[in-house]
$ cat structure38.csv   # CSV, C-alpha atoms
chain,number,residue,atom,x,y,z
A,1,MET,CA,-1.9,-21.6,-2.8
A,2,THR,CA,-2.5,-19.2,0.1
A,3,TYR,CA,0.2,-17.0,-1.3
A,4,LEU,CA,-1.4,-16.9,-4.7
A,5,SER,CA,-4.9,-16.3,-3.3
A,6,ASP,CA,-3.4,-13.3,-1.3
A,7,VAL,CA,-1.8,-12.0,-4.5
A,8,GLY,CA,-5.1,-12.5,-6.4
A,9,ALA,CA,-7.1,-10.7,-3.7
A,10,LEU,CA,-4.7,-7.7,-3.6
A,11,ALA,CA,-4.5,-7.4,-7.4
A,12,ARG,CA,-8.3,-7.6,-7.6
A,13,LYS,CA,-8.6,-4.9,-5.0
A,14,ASP,CA,-6.4,-2.6,-7.1
A,15,LEU,CA,-8.4,-3.3,-10.3
A,16,LEU,CA,-11.6,-2.7,-8.4
A,17,LEU,CA,-10.3,0.6,-7.0
A,18,GLU,CA,-9.4,1.8,-10.5
A,19,LEU,CA,-12.7,0.6,-11.9
A,20,ARG,CA,-14.5,2.9,-9.4
A,21,ALA,CA,-12.1,5.8,-9.1
A,22,LYS,CA,-11.1,5.9,-12.8
A,23,GLU,CA,-8.1,8.0,-12.1
A,24,THR,CA,-5.1,6.2,-13.4
A,25,LEU,CA,-6.0,4.4,-16.7
A,26,PRO,CA,-7.9,7.3,-18.3
A,27,ALA,CA,-4.9,9.5,-17.6
A,28,MET,CA,-2.5,7.0,-19.1
A,29,LEU,CA,-4.6,6.6,-22.2
A,30,VAL,CA,-4.9,10.4,-22.8
A,31,PHE,CA,-1.2,10.8,-22.1
A,32,VAL,CA,0.0,8.1,-24.5
A,33,VAL,CA,-2.3,9.2,-27.3
A,34,ALA,CA,-1.4,12.9,-26.8
A,35,THR,CA,2.3,12.0,-26.8
A,36,LEU,CA,2.1,10.0,-30.0
A,37,THR,CA,0.1,12.9,-31.6
A,38,ILE,CA,2.8,15.4,-30.6
A,39,PHE,CA,5.5,13.0,-32.0
A,40,HIS,CA,3.6,12.7,-35.2
A,41,PHE,CA,3.6,16.4,-35.8
A,42,ALA,CA,7.1,17.0,-34.4
A,43,LEU,CA,8.9,14.4,-36.6
A,44,PRO,CA,9.7,15.6,-40.1
A,45,HIS,CA,8.3,13.7,-43.0
A,46,GLY,CA,10.6,10.9,-44.2
A,47,THR,CA,11.8,10.0,-40.7
A,48,SER,CA,12.9,6.4,-40.5
A,49,HIS,CA,10.7,3.7,-39.1
A,50,VAL,CA,13.4,2.9,-36.5
A,51,ALA,CA,13.4,6.5,-35.2
A,52,ALA,CA,9.6,6.4,-34.9
A,53,LEU,CA,9.8,3.1,-33.0
A,54,GLY,CA,12.3,4.7,-30.6
A,55,LEU,CA,9.7,7.4,-29.9
A,56,LEU,CA,7.1,4.7,-29.3
A,57,TRP,CA,9.2,3.3,-26.6
A,58,VAL,CA,9.7,6.7,-25.0
A,59,ALA,CA,6.0,7.2,-25.0
A,60,LEU,CA,5.3,3.8,-23.5
A,61,LEU,CA,8.0,4.4,-20.8
A,62,PHE,CA,6.6,7.7,-19.7
A,63,THR,CA,3.0,6.4,-19.8
A,64,ALA,CA,4.2,3.6,-17.5
A,65,LEU,CA,5.8,6.2,-15.2
A,66,LEU,CA,2.5,8.1,-15.0
A,67,GLY,CA,0.8,4.9,-13.9
A,68,LEU,CA,3.5,4.0,-11.4
A,69,THR,CA,3.3,7.4,-9.7
A,70,ARG,CA,-0.4,6.6,-9.0
A,71,ALA,CA,0.2,3.0,-7.9
A,72,PHE,CA,0.4,3.5,-4.2
A,73,VAL,CA,-1.8,6.6,-3.9
A,74,ALA,CA,-4.5,4.8,-1.8
A,75,GLU,CA,-2.0,3.2,0.5
A,76,ARG,CA,-0.1,6.5,0.9
A,77,GLU,CA,-3.1,8.8,1.5
A,78,GLN,CA,-4.9,6.5,3.8
A,79,GLY,CA,-1.9,5.0,5.6
A,80,LEU,CA,-2.8,1.6,4.5
A,81,PHE,CA,0.7,0.2,4.3
A,82,ASP,CA,0.5,-0.2,8.1
A,83,ALA,CA,-2.6,-2.5,7.9
A,84,LEU,CA,-1.1,-4.5,5.0
A,85,VAL,CA,2.3,-5.1,6.4
A,86,LEU,CA,1.0,-6.2,9.8
A,87,ALA,CA,-1.0,-9.0,8.2
A,88,PRO,CA,0.6,-12.5,8.5
A,89,SER,CA,0.6,-13.0,4.8
A,90,ASP,CA,4.0,-12.8,3.0
A,91,ARG,CA,4.7,-9.1,2.4
A,92,SER,CA,5.9,-9.8,-1.1
A,93,ALA,CA,2.3,-10.7,-2.0
A,94,ILE,CA,1.6,-6.9,-1.7
A,95,TRP,CA,4.3,-6.2,-4.3
A,96,LEU,CA,3.2,-9.0,-6.6
A,97,GLY,CA,-0.5,-8.1,-6.4
A,98,LYS,CA,0.3,-4.4,-7.1
A,99,SER,CA,2.7,-5.4,-10.0
A,100,LEU,CA,-0.1,-7.4,-11.6
A,101,ALA,CA,-2.5,-4.5,-11.4
A,102,VAL,CA,0.1,-2.1,-12.9
A,103,LEU,CA,0.8,-4.7,-15.6
A,104,ALA,CA,-3.0,-4.8,-16.4
A,105,PHE,CA,-3.0,-1.0,-16.7
A,106,LEU,CA,0.0,-1.0,-18.9
A,107,VAL,CA,-1.5,-3.6,-21.2
A,108,ALA,CA,-4.7,-1.7,-21.4
A,109,ALA,CA,-2.8,1.5,-22.3
A,110,GLU,CA,-0.9,-0.4,-25.0
A,111,VAL,CA,-4.0,-1.8,-26.5
A,112,VAL,CA,-4.8,1.8,-27.5
A,113,ALA,CA,-1.2,3.0,-28.0
A,114,LEU,CA,0.0,0.4,-30.5
A,115,PRO,CA,-3.0,1.0,-32.9
A,116,ALA,CA,-2.5,4.7,-32.4
A,117,PHE,CA,1.1,4.3,-33.4
A,118,ALA,CA,0.1,2.4,-36.4
A,119,ILE,CA,-2.2,5.2,-37.5
A,120,PHE,CA,0.3,8.0,-36.9
A,121,PHE,CA,3.5,6.2,-38.1
A,122,SER,CA,3.4,2.6,-39.3
A,123,GLY,CA,2.3,-0.8,-38.1
A,124,VAL,CA,4.2,-2.8,-35.5
A,125,ASP,CA,5.3,-6.3,-36.1
A,126,GLY,CA,4.9,-9.3,-33.8
A,127,ARG,CA,8.5,-8.9,-32.5
A,128,THR,CA,7.6,-5.5,-31.2
A,129,VAL,CA,4.5,-6.7,-29.5
A,130,VAL,CA,6.5,-9.5,-27.8
A,131,ALA,CA,9.1,-6.9,-26.8
A,132,VAL,CA,6.4,-4.6,-25.3
A,133,ALA,CA,4.9,-7.5,-23.4
A,134,LEU,CA,8.3,-8.5,-21.9
A,135,ALA,CA,9.1,-4.8,-21.2
A,136,ASP,CA,5.8,-4.5,-19.3
A,137,VAL,CA,6.8,-7.3,-16.9
A,138,GLY,CA,10.0,-5.5,-16.1
A,139,ILE,CA,8.4,-2.1,-15.8
A,140,SER,CA,5.7,-3.3,-13.5
A,141,THR,CA,7.9,-5.4,-11.2
A,142,VAL,CA,10.8,-2.9,-10.8
A,143,GLY,CA,8.5,0.1,-11.0
A,144,THR,CA,6.2,-1.2,-8.2
A,145,LEU,CA,9.2,-1.8,-5.9
A,146,LEU,CA,10.5,1.7,-6.6
A,147,GLY,CA,7.0,3.1,-6.2
A,148,ALA,CA,6.9,1.6,-2.7
A,149,MET,CA,10.3,3.1,-1.9
A,150,ALA,CA,9.2,6.5,-3.1
A,151,VAL,CA,6.1,6.5,-1.0
A,152,ALA,CA,8.2,6.6,2.1
A,153,GLY,CA,10.1,9.6,0.9
A,154,ARG,CA,9.1,13.2,1.2
A,155,ALA,CA,9.9,14.2,-2.4
A,156,ARG,CA,8.1,11.1,-3.8
A,157,GLU,CA,7.0,12.7,-7.1
A,158,LEU,CA,10.7,13.5,-7.8
A,159,LEU,CA,12.1,10.3,-6.3
A,160,LEU,CA,10.2,7.8,-8.5
A,161,PRO,CA,11.4,9.1,-11.9
A,162,LEU,CA,14.9,9.5,-10.5
A,163,LEU,CA,15.0,5.9,-9.4
A,164,PHE,CA,13.0,4.4,-12.2
A,165,LEU,CA,14.4,5.9,-15.4
A,166,PRO,CA,18.0,4.8,-14.9
A,167,LEU,CA,16.8,1.3,-14.2
A,168,ALA,CA,14.5,1.4,-17.3
A,169,VAL,CA,17.5,2.1,-19.7
A,170,PRO,CA,18.0,-1.6,-20.3
A,171,ILE,CA,14.3,-2.0,-21.1
A,172,VAL,CA,14.6,0.8,-23.8
A,173,VAL,CA,17.8,-0.8,-25.2
A,174,GLY,CA,16.1,-4.2,-25.4
A,175,GLY,CA,12.8,-2.9,-26.7
A,176,VAL,CA,14.2,-0.7,-29.4
A,177,GLY,CA,16.7,-3.4,-30.4
A,178,ALA,CA,14.0,-6.0,-30.7
A,179,SER,CA,11.7,-3.6,-32.6
A,180,ALA,CA,14.4,-2.5,-34.9
A,181,GLY,CA,14.8,-6.0,-36.2
A,182,ALA,CA,17.8,-7.2,-34.3
A,183,GLY,CA,15.4,-9.8,-33.0
A,184,GLY,CA,15.9,-12.8,-30.7
A,185,ARG,CA,18.9,-11.7,-28.6
A,186,TYR,CA,17.2,-8.5,-27.6
A,187,LEU,CA,14.0,-10.4,-26.6
A,188,LEU,CA,16.2,-12.8,-24.6
A,189,PHE,CA,17.9,-9.7,-23.0
A,190,LEU,CA,14.4,-8.4,-22.0
A,191,ALA,CA,13.4,-11.8,-20.6
A,192,PHE,CA,16.7,-11.9,-18.6
A,193,TYR,CA,16.1,-8.4,-17.3
A,194,ASP,CA,12.6,-9.5,-16.2
A,195,ALA,CA,13.9,-12.6,-14.4
A,196,VAL,CA,16.8,-10.9,-12.6
A,197,PHE,CA,15.1,-7.7,-11.6
A,198,GLY,CA,11.8,-9.4,-10.9
A,199,LEU,CA,13.5,-11.7,-8.5
A,200,LEU,CA,15.5,-8.9,-6.9
A,201,SER,CA,12.3,-6.8,-6.5
A,202,TRP,CA,10.4,-9.8,-4.9
A,203,ALA,CA,13.2,-10.4,-2.4
A,204,ALA,CA,13.8,-6.7,-1.6
A,205,PHE,CA,10.2,-5.7,-1.0
A,206,ASP,CA,10.1,-6.8,2.6
A,207,TYR,CA,13.1,-4.6,3.4
A,208,VAL,CA,11.5,-1.6,1.5
A,209,VAL,CA,8.4,-1.6,3.6
A,210,ALA,CA,10.1,-2.2,6.9
A,211,GLU,CA,10.7,1.3,8.5
A,212,THR,CA,14.0,1.8,10.3
B,213,MET,CA,2.8,-9.5,26.0
B,214,ILE,CA,4.9,-6.4,25.6
B,215,ARG,CA,8.1,-5.8,27.5
B,216,ALA,CA,10.2,-2.7,26.7
B,217,ARG,CA,13.2,-1.4,28.6
B,218,SER,CA,14.8,2.0,28.0
B,219,LEU,CA,13.1,2.3,24.6
B,220,ALA,CA,14.2,5.1,22.5
B,221,LYS,CA,13.4,6.5,19.1
B,222,ARG,CA,15.0,9.2,17.1
B,223,TYR,CA,14.7,10.3,13.5
B,224,GLY,CA,18.1,11.6,12.5
B,225,GLU,CA,19.2,14.1,15.1
B,226,ARG,CA,15.7,14.6,16.5
B,227,ARG,CA,14.9,12.6,19.6
B,228,VAL,CA,11.2,11.5,19.7
B,229,PHE,CA,11.4,9.7,23.1
B,230,ALA,CA,13.9,8.0,25.2
B,231,GLY,CA,14.0,5.8,28.4
B,232,VAL,CA,10.5,4.4,28.0
B,233,ASP,CA,9.7,1.3,29.9
B,234,VAL,CA,6.5,-0.7,29.0
B,235,ASP,CA,5.0,-3.7,30.7
B,236,LEU,CA,1.7,-4.7,29.2
B,237,ASP,CA,0.0,-8.0,29.7
B,238,ARG,CA,-3.4,-9.5,28.8
B,239,GLY,CA,-6.1,-7.7,30.6
B,240,GLY,CA,-4.1,-4.5,31.0
B,241,LEU,CA,-4.9,-1.2,29.4
B,242,LEU,CA,-2.0,1.2,29.0
B,243,LEU,CA,-2.9,4.9,28.6
B,244,VAL,CA,-0.3,6.8,26.6
B,245,THR,CA,-0.9,10.5,27.1
B,246,GLY,CA,0.7,13.8,26.0
B,247,PRO,CA,0.2,16.8,23.7
B,248,ASN,CA,0.4,16.6,20.0
B,249,GLY,CA,3.8,15.7,18.6
B,250,SER,CA,5.0,14.3,21.9
B,251,GLY,CA,5.7,10.9,20.5
B,252,LYS,CA,2.5,8.9,21.3
B,253,THR,CA,1.9,7.8,17.8
B,254,THR,CA,5.6,6.9,17.2
B,255,LEU,CA,5.5,4.8,20.4
B,256,LEU,CA,2.5,2.8,19.2
B,257,ARG,CA,4.2,2.3,15.8
B,258,VAL,CA,7.3,1.0,17.5
B,259,LEU,CA,5.1,-1.3,19.7
B,260,ALA,CA,3.3,-2.6,16.6
B,261,GLY,CA,6.7,-3.4,15.0
B,262,LEU,CA,6.0,-0.8,12.2
B,263,ALA,CA,9.0,1.2,13.2
B,264,ALA,CA,12.2,0.0,14.6
B,265,PRO,CA,13.4,1.4,18.0
B,266,SER,CA,16.7,3.4,18.0
B,267,GLY,CA,17.6,2.0,21.3
B,268,GLY,CA,16.6,-0.2,24.3
B,269,GLU,CA,15.1,-3.6,24.5
B,270,LEU,CA,11.7,-4.7,23.1
B,271,GLN,CA,9.8,-7.9,23.2
B,272,LEU,CA,6.7,-8.1,21.0
B,273,PRO,CA,4.2,-10.7,20.2
B,274,LEU,CA,3.8,-12.1,16.7
B,275,ARG,CA,2.5,-9.5,14.3
B,276,GLU,CA,-0.6,-11.4,13.4
B,277,THR,CA,-1.8,-11.1,17.0
B,278,ILE,CA,-1.6,-7.3,16.8
B,279,GLY,CA,-4.5,-5.0,15.9
B,280,PHE,CA,-3.4,-1.5,15.0
B,281,LEU,CA,-5.6,1.5,14.5
B,282,GLY,CA,-3.7,4.6,13.4
B,283,HIS,CA,-4.9,8.2,13.0
B,284,GLU,CA,-6.7,7.0,9.9
B,285,PRO,CA,-9.1,4.0,10.0
B,286,LEU,CA,-6.8,2.2,7.5
B,287,VAL,CA,-9.5,1.1,5.1
B,288,TYR,CA,-9.9,1.6,1.4
B,289,ARG,CA,-12.3,4.5,0.7
B,290,GLU,CA,-13.4,3.3,-2.7
B,291,LEU,CA,-14.3,-0.2,-1.4
B,292,THR,CA,-17.4,-1.1,0.6
B,293,PRO,CA,-17.1,-2.2,4.3
B,294,LEU,CA,-17.8,-5.8,3.2
B,295,GLU,CA,-15.1,-5.6,0.5
B,296,ASN,CA,-12.6,-4.1,3.0
B,297,LEU,CA,-13.2,-6.6,5.7
B,298,THR,CA,-13.2,-9.5,3.2
B,299,LEU,CA,-9.8,-8.4,1.9
B,300,PHE,CA,-8.3,-7.9,5.4
B,301,GLY,CA,-10.0,-11.1,6.6
B,302,ARG,CA,-8.2,-13.1,3.9
B,303,LEU,CA,-4.9,-11.4,4.5
B,304,TYR,CA,-5.2,-11.9,8.3
B,305,ARG,CA,-6.3,-15.6,7.9
B,306,VAL,CA,-9.6,-15.1,9.7
B,307,PRO,CA,-11.5,-18.4,10.0
B,308,GLU,CA,-15.2,-18.4,9.2
B,309,ARG,CA,-14.7,-15.0,7.7
B,310,GLY,CA,-18.2,-14.3,6.5
B,311,GLU,CA,-19.8,-14.9,10.0
B,312,ARG,CA,-17.2,-12.9,11.8
B,313,ILE,CA,-17.5,-10.0,9.4
B,314,GLY,CA,-21.3,-10.1,9.6
B,315,MET,CA,-21.2,-10.1,13.4
B,316,LEU,CA,-18.8,-7.1,13.5
B,317,LEU,CA,-20.8,-5.1,11.0
B,318,GLU,CA,-23.9,-5.7,13.0
B,319,ARG,CA,-22.2,-4.8,16.3
B,320,PHE,CA,-20.8,-1.5,15.0
B,321,GLY,CA,-24.0,-0.5,13.2
B,322,LEU,CA,-22.7,-0.8,9.7
B,323,TRP,CA,-24.6,-3.8,8.4
B,324,GLU,CA,-27.2,-1.7,6.6
B,325,VAL,CA,-24.4,0.2,4.7
B,326,ARG,CA,-22.2,-2.8,4.0
B,327,HIS,CA,-22.5,-2.4,0.3
B,328,ASP,CA,-21.9,1.4,0.3
B,329,ARG,CA,-18.5,2.9,-0.5
B,330,VAL,CA,-16.6,4.0,2.5
B,331,SER,CA,-15.9,7.4,0.8
B,332,THR,CA,-19.6,8.2,1.3
B,333,PHE,CA,-19.3,7.6,5.1
B,334,SER,CA,-18.9,10.2,7.8
B,335,ARG,CA,-15.6,10.2,9.6
B,336,GLY,CA,-17.3,8.6,12.6
B,337,MET,CA,-18.6,5.7,10.5
B,338,GLN,CA,-15.2,5.3,9.0
B,339,GLN,CA,-13.7,5.1,12.5
B,340,ARG,CA,-16.3,2.4,13.4
B,341,LEU,CA,-15.2,0.4,10.3
B,342,GLY,CA,-11.6,0.9,11.4
B,343,LEU,CA,-12.5,-0.7,14.7
B,344,CYS,CA,-14.1,-3.6,12.9
B,345,ARG,CA,-11.0,-4.1,10.9
B,346,VAL,CA,-8.8,-4.0,14.0
B,347,LEU,CA,-11.0,-6.6,15.8
B,348,LEU,CA,-11.5,-8.8,12.7
B,349,HIS,CA,-8.7,-11.3,13.5
B,350,GLU,CA,-9.4,-11.3,17.2
B,351,PRO,CA,-6.0,-9.8,18.2
B,352,SER,CA,-4.6,-10.3,21.6
B,353,LEU,CA,-2.9,-6.9,21.5
B,354,LEU,CA,-4.7,-3.8,20.5
B,355,LEU,CA,-2.8,-0.6,19.7
B,356,LEU,CA,-5.2,2.3,19.3
B,357,ASP,CA,-4.2,5.8,18.3
B,358,GLU,CA,-6.8,8.4,19.3
B,359,PRO,CA,-9.6,5.7,18.9
B,360,SER,CA,-12.4,8.1,20.0
B,361,ASN,CA,-11.7,10.4,17.1
B,362,ALA,CA,-15.0,11.5,15.4
B,363,LEU,CA,-17.1,8.9,17.3
B,364,ASP,CA,-20.6,9.9,18.4
B,365,ALA,CA,-22.1,8.8,21.7
B,366,ASP,CA,-23.1,5.4,20.4
B,367,GLY,CA,-19.7,4.9,18.8
B,368,LEU,CA,-18.0,5.8,22.1
B,369,ASP,CA,-20.2,3.3,23.9
B,370,LEU,CA,-19.0,0.6,21.4
B,371,LEU,CA,-15.4,1.7,21.9
B,372,GLN,CA,-15.9,1.5,25.7
B,373,GLY,CA,-17.2,-2.1,25.2
B,374,VAL,CA,-14.1,-3.0,23.3
B,375,LEU,CA,-11.8,-1.5,25.9
B,376,GLU,CA,-13.7,-3.2,28.8
B,377,ASP,CA,-13.0,-6.6,27.3
B,378,ARG,CA,-10.1,-7.9,29.4
B,379,SER,CA,-9.3,-10.8,27.2
B,380,ARG,CA,-6.6,-8.8,25.4
B,381,ALA,CA,-3.9,-6.2,26.2
B,382,VAL,CA,-4.6,-2.7,25.0
B,383,ALA,CA,-2.6,0.4,24.6
B,384,VAL,CA,-4.4,3.7,23.8
B,385,ALA,CA,-2.7,6.9,22.8
B,386,THR,CA,-4.9,9.9,23.5
B,387,HIS,CA,-4.8,13.5,24.4
B,388,GLU,CA,-8.1,13.0,26.2
B,389,PRO,CA,-7.1,10.7,29.0
B,390,GLN,CA,-10.1,11.5,31.2
B,391,ARG,CA,-12.3,9.5,28.7
B,392,PHE,CA,-10.4,6.3,29.4
B,393,GLU,CA,-9.0,7.0,32.9
B,394,SER,CA,-11.3,4.6,34.7
B,395,LEU,CA,-10.3,1.6,32.5
B,396,ALA,CA,-6.5,2.2,32.6
B,397,THR,CA,-4.2,-0.2,34.5
B,398,GLY,CA,-1.1,1.7,33.5
B,399,ARG,CA,-0.1,5.2,32.4
B,400,LEU,CA,2.6,6.6,30.3
B,401,ALA,CA,2.8,10.4,30.1
B,402,PHE,CA,4.8,12.2,27.4
B,403,ALA,CA,5.7,15.8,28.0

$ encode --input "structure38.csv" --output "structure tokens"
Amino acid sequence: MTYLSDVGALARKDLLLELRAKETLPAMLVFVVATLTIFHFALPHGTSHVAALGLLWVALLFTALLGLTRAFVAEREQGLFDALVLAPSDRSAIWLGKSLAVLAFLVAAEVVALPAFAIFFSGVDGRTVVAVALADVGISTVGTLLGAMAVAGRARELLLPLLFLPLAVPIVVGGVGASAGAGGRYLLFLAFYDAVFGLLSWAAFDYVVAET
Amino acid sequence: MIRARSLAKRYGERRVFAGVDVDLDRGGLLLVTGPNGSGKTTLLRVLAGLAAPSGGELQLPLRETIGFLGHEPLVYRELTPLENLTLFGRLYRVPERGERIGMLLERFGLWEVRHDRVSTFSRGMQQRLGLCRVLLHEPSLLLLDEPSNALDADGLDLLQGVLEDRSRAVAVATHEPQRFESLATGRLAFA
């Protein structure tokens, strides 16, 4: 229970910071709508629904990346990792709290992105919505771990995309597969990705924040 | 509390310090002095367990007994003092959190602004809040990096009071050693 209350307090803190600073979510919303608008005009008429769905996933992935680059800004700029990792609470609570906050931002961006996609292209079915939800879990857990790793590096703005995009390939494969109608096995694949990479991220976080 | 023998730290090829011995017990105040870039901050980070030494032997207390104040006050600027201390109080398992937070905010002159965002504070007020955060869980080891930064006369008096409390061990890194000279029980000078 203590662990969960630590996670809750850390996630609440991030949501509160965003509510006050309003830096990440508005940028994500503008970015995803602008990207879908560009895709709308860039794609020729008569483009298949599957191709449009592929672009939806590209837009969601890069929107998530934008959010992830901002995830540890407060900790980085104010050196707060030091105060957090010295606390006797389990260090993985920092990762889980941050992952939950990132997940909330992603969901909020998608609440706008999916209807926007429906306006510009065509509606999304329930399978796509489930796939997006499963992808969000993977993106937030893996992305948060990589965001913490990138914070320690000098070229952090470069490092995060370089680390994150290769690991996000399975998410795109699963997401597009599920959206395109191949259905259950791709959703299972996404759930499997979430479980494996979520567990690995949870276990690895302690090593990531420990300076050598 | 802290025992270090032949402690060394290097980043790649660059040697930050080497051959450092530290003995610090409850009631002691170690003054770490030296010019900018001489390794004072790195030493405090090693003593806090935030950075691993590259060589030597080091015995540290449990991390929950350490209070660490870096160059920055290590508080969230978009939160209020009350929100910051409540968050850290929870993470540091502070019993009777509300009372302890109230007492510290009163002591450091921040009670009246407890609901204001830290981003609206002067650097000196932020430093006072940093000291509140450091003292919140009643650490037995205080590691303070340039703690007098930006503090006014009242703030310096409050800091003096913290350092005079001999119930804990304290290491202070500073480039103004004269300010703490009379309280020091040990000195470590970096060139």

$ closest_residue --input "structure38.csv" --among "B:Leu256, B:Tyr304, B:Glu358, B:Leu370" --to "Leu317 in chain B" --atoms "only C-alpha atoms"
B:Leu370

$ closest_atom_pairs --input "structure38.csv" --of "chain A" --to "chain B" --cutoff "10 Å" --atoms "only C-alpha atoms" --output "CSV"
residue,atom,partner,partner_atom,distance
A:Thr2,CA,B:Arg302,CA,9.2
A:Tyr3,CA,B:Leu303,CA,9.5
A:Ser5,CA,B:Arg302,CA,8.5
A:Asp6,CA,B:Leu303,CA,6.3
A:Val7,CA,B:Leu303,CA,9.5
A:Ala9,CA,B:Leu299,CA,6.6
A:Leu10,CA,B:Leu299,CA,7.5
A:Arg12,CA,B:Leu299,CA,9.7
A:Lys13,CA,B:Leu299,CA,7.8
A:Leu16,CA,B:Leu291,CA,7.9
A:Leu17,CA,B:Glu290,CA,5.9
A:Glu18,CA,B:Glu290,CA,8.9
A:Leu19,CA,B:Glu290,CA,9.6
A:Arg20,CA,B:Glu290,CA,6.8
A:Ala21,CA,B:Glu290,CA,7.0
A:Ala74,CA,B:Tyr288,CA,7.0
A:Glu75,CA,B:Tyr288,CA,8.1
A:Glu77,CA,B:Glu284,CA,9.3
A:Gln78,CA,B:Leu286,CA,6.0
A:Gly79,CA,B:Leu286,CA,6.0
A:Leu80,CA,B:Leu286,CA,5.0
A:Phe81,CA,B:Leu286,CA,8.4
A:Asp82,CA,B:Leu262,CA,6.9
A:Ala83,CA,B:Leu286,CA,6.3
A:Leu84,CA,B:Leu303,CA,7.9
A:Val85,CA,B:Leu262,CA,8.1
A:Leu86,CA,B:Arg275,CA,5.8
A:Ala87,CA,B:Tyr304,CA,5.1
A:Pro88,CA,B:Glu276,CA,5.2
A:Ser89,CA,B:Leu303,CA,5.7
A:Asp90,CA,B:Leu303,CA,9.1
A:Ala93,CA,B:Leu303,CA,9.7
A:Val209,CA,B:Leu262,CA,9.0
A:Ala210,CA,B:Leu262,CA,6.8
A:Glu211,CA,B:Ala263,CA,5.0
A:Thr212,CA,B:Ala264,CA,5.0

$ residues_around --input "structure38.csv" --residues "Pro359 in chain B" --least-positions-apart "5" --cutoff "12 Å" --atoms "all atoms listed in the file" --output "ChimeraX atom specification"
/B:243,253,280-285,335-336,338-344,346,354,364,367-372,374-375,382-389,391-392

$ residues_around --input "structure38.csv" --residues "Thr37 in chain A" --least-positions-apart "3" --cutoff "12 Å" --atoms "all atoms listed in the file" --output "PyMOL selection string"
chain A and resi 30-34+40-43+52+55-56+59+113+116-121

$ closest_residue --input "structure38.csv" --among "A:Leu36, A:Val196, A:Ala64, A:Leu160" --to "Val102 in chain A" --atoms "only C-alpha atoms"
A:Ala64

$ atom_distance --input "structure38.csv" --atom1 "CA of Ile38 in chain A" --atom2 "CA of Leu190 in chain A"
27.8 Å

$ closest_residue --input "structure38.csv" --among "B:Arg319, B:Arg312, B:Arg227, B:Arg215" --to "Pro273 in chain B" --atoms "only C-alpha atoms"
B:Arg215

$ atom_distance --input "structure38.csv" --atom1 "CA of Pro307 in chain B" --atom2 "CA of Met213 in chain B"
23.2 Å
